[in-house]
$ cat data_12.txt   # compact mmCIF, C-alpha atoms and all ligand atoms
# COMPACT_ATOMS: atom_id res chain seq x y z
CA MET A 1 160.67 42.55 39.31
CA ALA A 2 163.22 45.15 38.09
CA GLU A 3 163.92 47.78 40.72
CA GLY A 4 162.60 51.27 39.83
CA ASN A 5 165.09 53.60 38.20
CA PRO A 6 166.87 55.48 41.04
CA LEU A 7 166.39 58.70 39.05
CA PHE A 8 162.70 58.60 40.00
CA ASP A 9 163.20 57.39 43.58
CA LEU A 10 161.81 59.82 46.19
CA HIS A 11 162.86 57.86 49.31
CA GLY A 12 164.23 60.23 51.94
CA ARG A 13 162.39 63.20 50.45
CA THR A 14 159.49 65.12 52.04
CA ALA A 15 156.74 66.73 50.00
CA LEU A 16 154.02 69.25 50.90
CA VAL A 17 151.04 69.05 48.54
CA THR A 18 148.48 71.83 48.98
CA GLY A 19 144.81 71.08 48.45
CA SER A 20 145.45 67.34 48.74
CA GLY A 21 142.40 66.16 50.69
CA GLN A 22 140.82 65.03 47.44
CA GLY A 23 141.02 65.15 43.65
CA LEU A 24 144.23 65.81 41.77
CA GLY A 25 146.09 66.87 44.92
CA PHE A 26 145.29 63.60 46.67
CA ALA A 27 146.28 61.57 43.60
CA ILE A 28 149.58 63.46 43.31
CA ALA A 29 150.31 63.03 47.05
CA ARG A 30 149.54 59.29 46.81
CA GLY A 31 151.84 58.99 43.77
CA LEU A 32 154.74 60.83 45.41
CA ALA A 33 154.30 58.60 48.48
CA GLN A 34 154.32 55.47 46.33
CA ALA A 35 157.64 56.70 44.86
CA GLY A 36 159.00 56.80 48.41
CA ALA A 37 158.37 60.36 49.63
CA THR A 38 156.98 61.30 53.03
CA VAL A 39 153.95 63.41 52.12
CA VAL A 40 152.31 66.22 54.06
CA LEU A 41 148.67 66.68 53.06
CA ASN A 42 147.18 70.18 53.24
CA GLY A 43 143.67 71.52 53.23
CA ARG A 44 141.29 73.66 55.27
CA ASP A 45 139.03 70.79 56.36
CA ALA A 46 140.74 68.87 59.19
CA LYS A 47 138.21 66.01 59.07
CA LYS A 48 138.58 65.47 55.31
CA LEU A 49 142.37 65.65 55.63
CA ALA A 50 142.42 63.11 58.44
CA GLY A 51 140.37 60.74 56.28
CA ALA A 52 142.72 61.16 53.33
CA ALA A 53 145.74 60.59 55.57
CA ALA A 54 144.19 57.44 57.03
CA THR A 55 143.62 56.10 53.50
CA LEU A 56 147.28 56.63 52.60
CA ARG A 57 148.57 55.26 55.95
CA ALA A 58 146.55 52.10 55.30
CA GLU A 59 148.58 51.81 52.09
CA GLY A 60 151.75 51.79 54.18
CA VAL A 61 153.17 55.21 53.40
CA ARG A 62 154.36 57.94 55.79
CA VAL A 63 151.87 60.80 55.72
CA GLU A 64 151.37 63.87 57.89
CA THR A 65 148.81 66.67 57.68
CA ALA A 66 148.98 70.47 57.82
CA VAL A 67 145.61 72.19 58.13
CA PHE A 68 145.84 75.77 56.91
CA ASP A 69 144.30 78.14 54.38
CA VAL A 70 146.81 78.66 51.56
CA THR A 71 145.53 82.23 51.07
CA ASP A 72 146.71 83.11 54.60
CA GLY A 73 150.40 84.02 54.36
CA ALA A 74 150.99 84.03 58.12
CA ALA A 75 149.42 80.58 58.46
CA ALA A 76 151.59 79.29 55.60
CA GLN A 77 154.73 80.61 57.29
CA ARG A 78 153.68 79.12 60.64
CA GLU A 79 152.76 75.70 59.28
CA VAL A 80 155.85 75.38 57.05
CA ALA A 81 158.04 76.18 60.08
CA ARG A 82 156.16 73.52 62.09
CA ILE A 83 156.50 70.91 59.32
CA GLU A 84 160.23 71.54 59.00
CA THR A 85 160.64 71.19 62.78
CA GLU A 86 158.27 68.29 63.46
CA VAL A 87 158.41 66.29 60.21
CA ALA A 88 161.46 67.16 58.07
CA PRO A 89 162.87 69.87 55.80
CA LEU A 90 160.71 70.12 52.68
CA ASP A 91 162.33 68.88 49.49
CA ILE A 92 159.22 69.17 47.32
CA LEU A 93 156.33 71.65 47.21
CA VAL A 94 153.31 71.03 45.00
CA ASN A 95 151.10 74.13 44.74
CA ASN A 96 147.91 72.33 43.77
CA ALA A 97 145.19 74.08 45.78
CA GLY A 98 142.61 75.76 43.56
CA ILE A 99 138.96 76.72 43.36
CA HIS A 100 136.41 77.57 40.73
CA ARG A 101 133.71 80.28 40.76
CA ARG A 102 132.29 79.96 37.26
CA ALA A 103 130.21 82.91 35.96
CA PRO A 104 129.71 84.83 32.72
CA LEU A 105 132.30 87.65 32.77
CA ALA A 106 129.71 90.43 32.47
CA GLU A 107 127.99 89.09 35.58
CA MET A 108 131.08 88.02 37.52
CA THR A 109 131.16 89.61 40.97
CA GLU A 110 134.24 91.12 42.56
CA GLU A 111 134.09 88.34 45.17
CA GLN A 112 134.07 85.63 42.49
CA TRP A 113 137.07 87.29 40.81
CA ARG A 114 139.10 87.92 43.96
CA ALA A 115 138.37 84.50 45.49
CA VAL A 116 139.72 82.66 42.41
CA ILE A 117 142.78 84.90 41.93
CA ASP A 118 143.51 84.53 45.65
CA GLY A 119 142.85 80.79 45.81
CA ASN A 120 144.66 79.77 42.64
CA LEU A 121 147.47 82.34 42.18
CA THR A 122 148.20 84.36 45.31
CA SER A 123 148.13 81.12 47.31
CA ALA A 124 151.02 79.71 45.26
CA PHE A 125 153.02 82.88 45.87
CA LEU A 126 152.34 82.79 49.63
CA VAL A 127 153.24 79.11 50.12
CA ALA A 128 156.29 79.34 47.84
CA ARG A 129 157.41 82.42 49.78
CA ALA A 130 157.25 80.31 52.96
CA VAL A 131 159.07 77.31 51.48
CA GLY A 132 161.39 78.84 48.85
CA PRO A 133 163.86 80.66 51.13
CA ARG A 134 164.29 77.48 53.17
CA MET A 135 165.06 75.46 50.02
CA ILE A 136 167.43 78.23 48.89
CA ALA A 137 169.30 78.01 52.21
CA ARG A 138 169.73 74.28 51.59
CA GLY A 139 170.72 74.76 47.95
CA ALA A 140 168.08 72.38 46.64
CA GLY A 141 164.31 72.00 46.14
CA LYS A 142 161.55 71.12 43.71
CA ILE A 143 158.48 73.31 43.27
CA ILE A 144 155.65 72.10 41.05
CA ASN A 145 152.80 74.51 40.31
CA ILE A 146 149.61 72.91 39.06
CA CYS A 147 148.72 75.19 36.20
CA SER A 148 146.04 74.25 33.70
CA LEU A 149 144.95 73.92 30.10
CA MET A 150 143.47 77.30 31.03
CA SER A 151 146.94 78.77 31.48
CA ASP A 152 146.95 78.99 27.68
CA VAL A 153 143.38 78.86 26.41
CA ALA A 154 140.02 80.00 27.72
CA ARG A 155 136.37 79.17 27.46
CA PRO A 156 133.31 81.19 28.53
CA THR A 157 132.52 81.56 32.27
CA ILE A 158 136.02 80.99 33.63
CA ALA A 159 137.75 84.36 33.07
CA ASN A 160 138.86 84.47 36.72
CA TYR A 161 140.23 80.90 36.67
CA ALA A 162 142.01 81.30 33.30
CA SER A 163 143.56 84.60 34.45
CA ALA A 164 144.77 82.97 37.66
CA LYS A 165 146.19 79.91 35.88
CA GLY A 166 147.79 82.11 33.21
CA GLY A 167 149.40 84.06 35.99
CA LEU A 168 150.52 80.85 37.67
CA LYS A 169 152.32 79.82 34.46
CA MET A 170 154.27 83.09 34.54
CA LEU A 171 154.86 82.88 38.31
CA THR A 172 156.34 79.42 37.65
CA ARG A 173 158.77 80.90 35.12
CA ALA A 174 159.56 83.85 37.41
CA MET A 175 160.36 81.50 40.30
CA ALA A 176 162.47 79.32 37.99
CA VAL A 177 164.61 82.16 36.67
CA GLU A 178 165.22 83.64 40.13
CA TRP A 179 165.80 80.44 42.07
CA ALA A 180 167.59 78.14 39.58
CA LYS A 181 170.99 79.47 40.62
CA HIS A 182 170.22 78.34 44.17
CA GLY A 183 169.68 74.76 43.04
CA LEU A 184 165.88 74.86 42.87
CA GLN A 185 163.88 73.54 39.92
CA VAL A 186 160.45 75.13 39.47
CA ASN A 187 158.07 73.72 36.86
CA GLY A 188 154.37 73.38 36.17
CA ILE A 189 151.90 70.72 35.17
CA ALA A 190 148.95 71.71 32.99
CA PRO A 191 146.15 69.16 33.43
CA GLY A 192 143.52 68.89 30.76
CA TYR A 193 140.00 67.78 31.65
CA PHE A 194 140.14 65.32 34.56
CA LEU A 195 137.46 63.41 36.40
CA THR A 196 137.50 65.35 39.68
CA GLU A 197 134.97 66.71 42.20
CA LEU A 198 135.72 70.23 40.89
CA ASN A 199 134.54 69.06 37.47
CA ARG A 200 131.61 66.90 38.52
CA PRO A 201 129.03 69.42 37.20
CA LEU A 202 130.78 69.32 33.82
CA VAL A 203 131.08 65.54 33.63
CA GLU A 204 127.39 65.19 34.48
CA ASN A 205 126.44 67.66 31.75
CA ALA A 206 125.92 65.43 28.70
CA GLU A 207 126.63 68.21 26.21
CA PHE A 208 129.84 69.33 27.95
CA ASN A 209 130.96 65.74 28.43
CA ALA A 210 130.48 65.07 24.70
CA TRP A 211 132.43 68.26 23.85
CA VAL A 212 135.41 67.26 26.04
CA CYS A 213 135.53 63.77 24.52
CA LYS A 214 135.35 65.20 20.99
CA ARG A 215 137.83 68.05 21.61
CA THR A 216 140.39 65.79 23.34
CA PRO A 217 142.41 63.70 20.83
CA ALA A 218 142.51 60.84 23.38
CA GLY A 219 138.71 60.97 23.26
CA ARG A 220 138.16 60.89 27.03
CA TRP A 221 138.60 62.65 30.38
CA GLY A 222 141.84 62.11 32.29
CA ARG A 223 141.94 60.01 35.45
CA PRO A 224 143.64 61.72 38.47
CA GLU A 225 146.24 58.96 38.78
CA GLU A 226 147.38 59.83 35.23
CA LEU A 227 149.00 63.00 36.60
CA VAL A 228 151.33 61.03 38.88
CA GLY A 229 154.03 60.28 36.30
CA ALA A 230 154.58 63.96 35.50
CA ALA A 231 154.58 64.85 39.21
CA VAL A 232 157.13 62.15 40.14
CA PHE A 233 159.34 63.20 37.21
CA LEU A 234 159.30 66.89 38.23
CA ALA A 235 159.79 65.99 41.92
CA SER A 236 162.78 63.71 41.28
CA ARG A 237 166.42 63.87 40.24
CA ALA A 238 165.25 63.02 36.73
CA SER A 239 164.35 66.71 36.26
CA ASP A 240 167.43 68.34 37.84
CA PHE A 241 168.14 70.32 34.66
CA VAL A 242 164.49 71.11 33.81
CA ASN A 243 163.33 74.59 34.82
CA GLY A 244 160.42 76.89 34.01
CA GLN A 245 158.62 74.27 31.92
CA ILE A 246 154.87 73.64 31.88
CA LEU A 247 154.14 69.99 31.09
CA ALA A 248 150.64 69.50 29.65
CA VAL A 249 148.92 66.28 30.67
CA ASP A 250 145.80 66.78 28.57
CA GLY A 251 145.26 63.85 26.20
CA GLY A 252 146.53 66.06 23.37
CA MET A 253 143.93 68.81 23.74
CA LEU A 254 146.39 71.73 23.58
CA ALA A 255 148.03 70.22 20.49
CA ALA A 256 144.76 70.04 18.55
CA LEU A 257 142.85 72.71 16.59
C1 LIG B 1 136.33 74.18 33.29
C2 LIG B 1 137.21 73.14 33.92
C3 LIG B 1 138.67 73.45 33.62
C4 LIG B 1 139.49 72.21 33.88
C5 LIG B 1 140.94 72.40 34.14
C6 LIG B 1 141.69 72.19 32.89
O1 LIG B 1 135.49 74.76 33.98
O2 LIG B 1 136.54 74.39 32.09
O3 LIG B 1 137.03 73.05 35.31
O4 LIG B 1 139.03 74.56 34.37
O5 LIG B 1 139.05 71.54 34.98
O6 LIG B 1 141.24 73.59 34.73
O7 LIG B 1 143.06 72.29 33.16
$ encode --input "data_12.txt" --output "structure tokens"
Amino acid sequence: MAEGNPLFDLHGRTALVTGSGQGLGFAIARGLAQAGATVVLNGRDAKKLAGAAATLRAEGVRVETAVFDVTDGAAAQREVARIETEVAPLDILVNNAGIHRRAPLAEMTEEQWRAVIDGNLTSAFLVARAVGPRMIARGAGKIINICSLMSDVARPTIANYASAKGGLKMLTRAMAVEWAKHGLQVNGIAPGYFLTELNRPLVENAEFNAWVCKRTPAGRWGRPEELVGAAVFLASRASDFVNGQILAVDGGMLAAL
């Protein structure tokens, strides 16, 4: 079988993927590991993380875990320092962690707003602030922020999530323009509708499911493993001159009226 193109080879690289105990984060971590990276899984639930790590170890890849809340800046600093001492310097950061608190805007509570802004936007700032200066000191690094279809469009009941993901798109560009001169490439991935736990209520809603399939030119939901190609590209040498870009992986949804 032809060897993989060395441009996409992640052997010798170490990646931290936040929110990777399940869903898109787990799929991305698995994909980076399959491309050769050592992956560090992150989440708040130690038991779930240990299970995810065991699954990947059984597949023969090197995986570590870092249990911390990405909205806690001090914990992010502490855990990144530990990873860089005990595992390896981080070459790749994937800011994937995110939550939903869906509610009609007029009824949305302050807690629902703050929790989603904190969990989806501030978290990326806090973890990047822990990792970025270390990458800058080394003159190299890849940061991938998992934005969303909702970085550019909205639908009812997700004003907090869309605002956070819109902010994350601009934080991605802000990081890119400040850190490119230090050899870092910062980009985003904008998933469309994917079959994840976060979306289970939507998939199981026949009307919503029909709407997604009709509104998506590909006519279906995405499968988490279909995000891996974009993640490996943005984590590898293949994207060394790509900066501040948001790559939609959405079955064509953003392209369609
Ligand atoms: C929703 C969905 C969306 C998608 C995703 C698209 O409630 O509309 O959860 O937020 O999952 O964010 O990129």
$ closest_residue --input "data_12.txt" --among "A:Arg44, A:Arg82, A:Arg129, A:Arg101" --to "ligand LIG 1 (chain B)" --atoms "all atoms listed in the file"
A:Arg101
$ atom_distance --input "data_12.txt" --atom1 "CA of Val40 in chain A" --atom2 "CA of Thr14 in chain A"
7.5 Å
$ residues_near_ligand --input "data_12.txt" --ligand "ligand LIG 1 (chain B)" --cutoff "7 Å" --atoms "all atoms listed in the file" --output "ChimeraX atom specification"
/A:102,148-150,155,158,161,190-194,198-199
$ residues_around --input "data_12.txt" --residues "Gly141 in chain A" --least-positions-apart "5" --cutoff "12 Å" --atoms "only C-alpha atoms" --output "number ranges by chain"
A: 13-16, 89-94, 128, 131-136, 175-176, 179-187, 234-237, 239-240, 243
$ atom_distance --input "data_12.txt" --atom1 "CA of Thr157 in chain A" --atom2 "CA of Ala106 in chain A"
9.3 Å
$ residues_around --input "data_12.txt" --residues "Glu226 in chain A" --least-positions-apart "5" --cutoff "12 Å" --atoms "all atoms listed in the file" --output "list in words"
Gly23, Leu24, Ala27, Ile28, Arg30, Gly31, Ile189, Pro191, Gly192, Tyr193, Phe194, Leu195, Trp221, Ala231, Val232, Ala248, Val249, Asp250 and Gly251 of chain A
$ atom_distance --input "data_12.txt" --atom1 "CA of Asn42 in chain A" --atom2 "CA of Ala66 in chain A"
4.9 Å
$ closest_residue --input "data_12.txt" --among "A:Ala88, A:Leu126, A:Val61, A:Met108" --to "Thr18 in chain A" --atoms "all atoms listed in the file"
A:Leu126
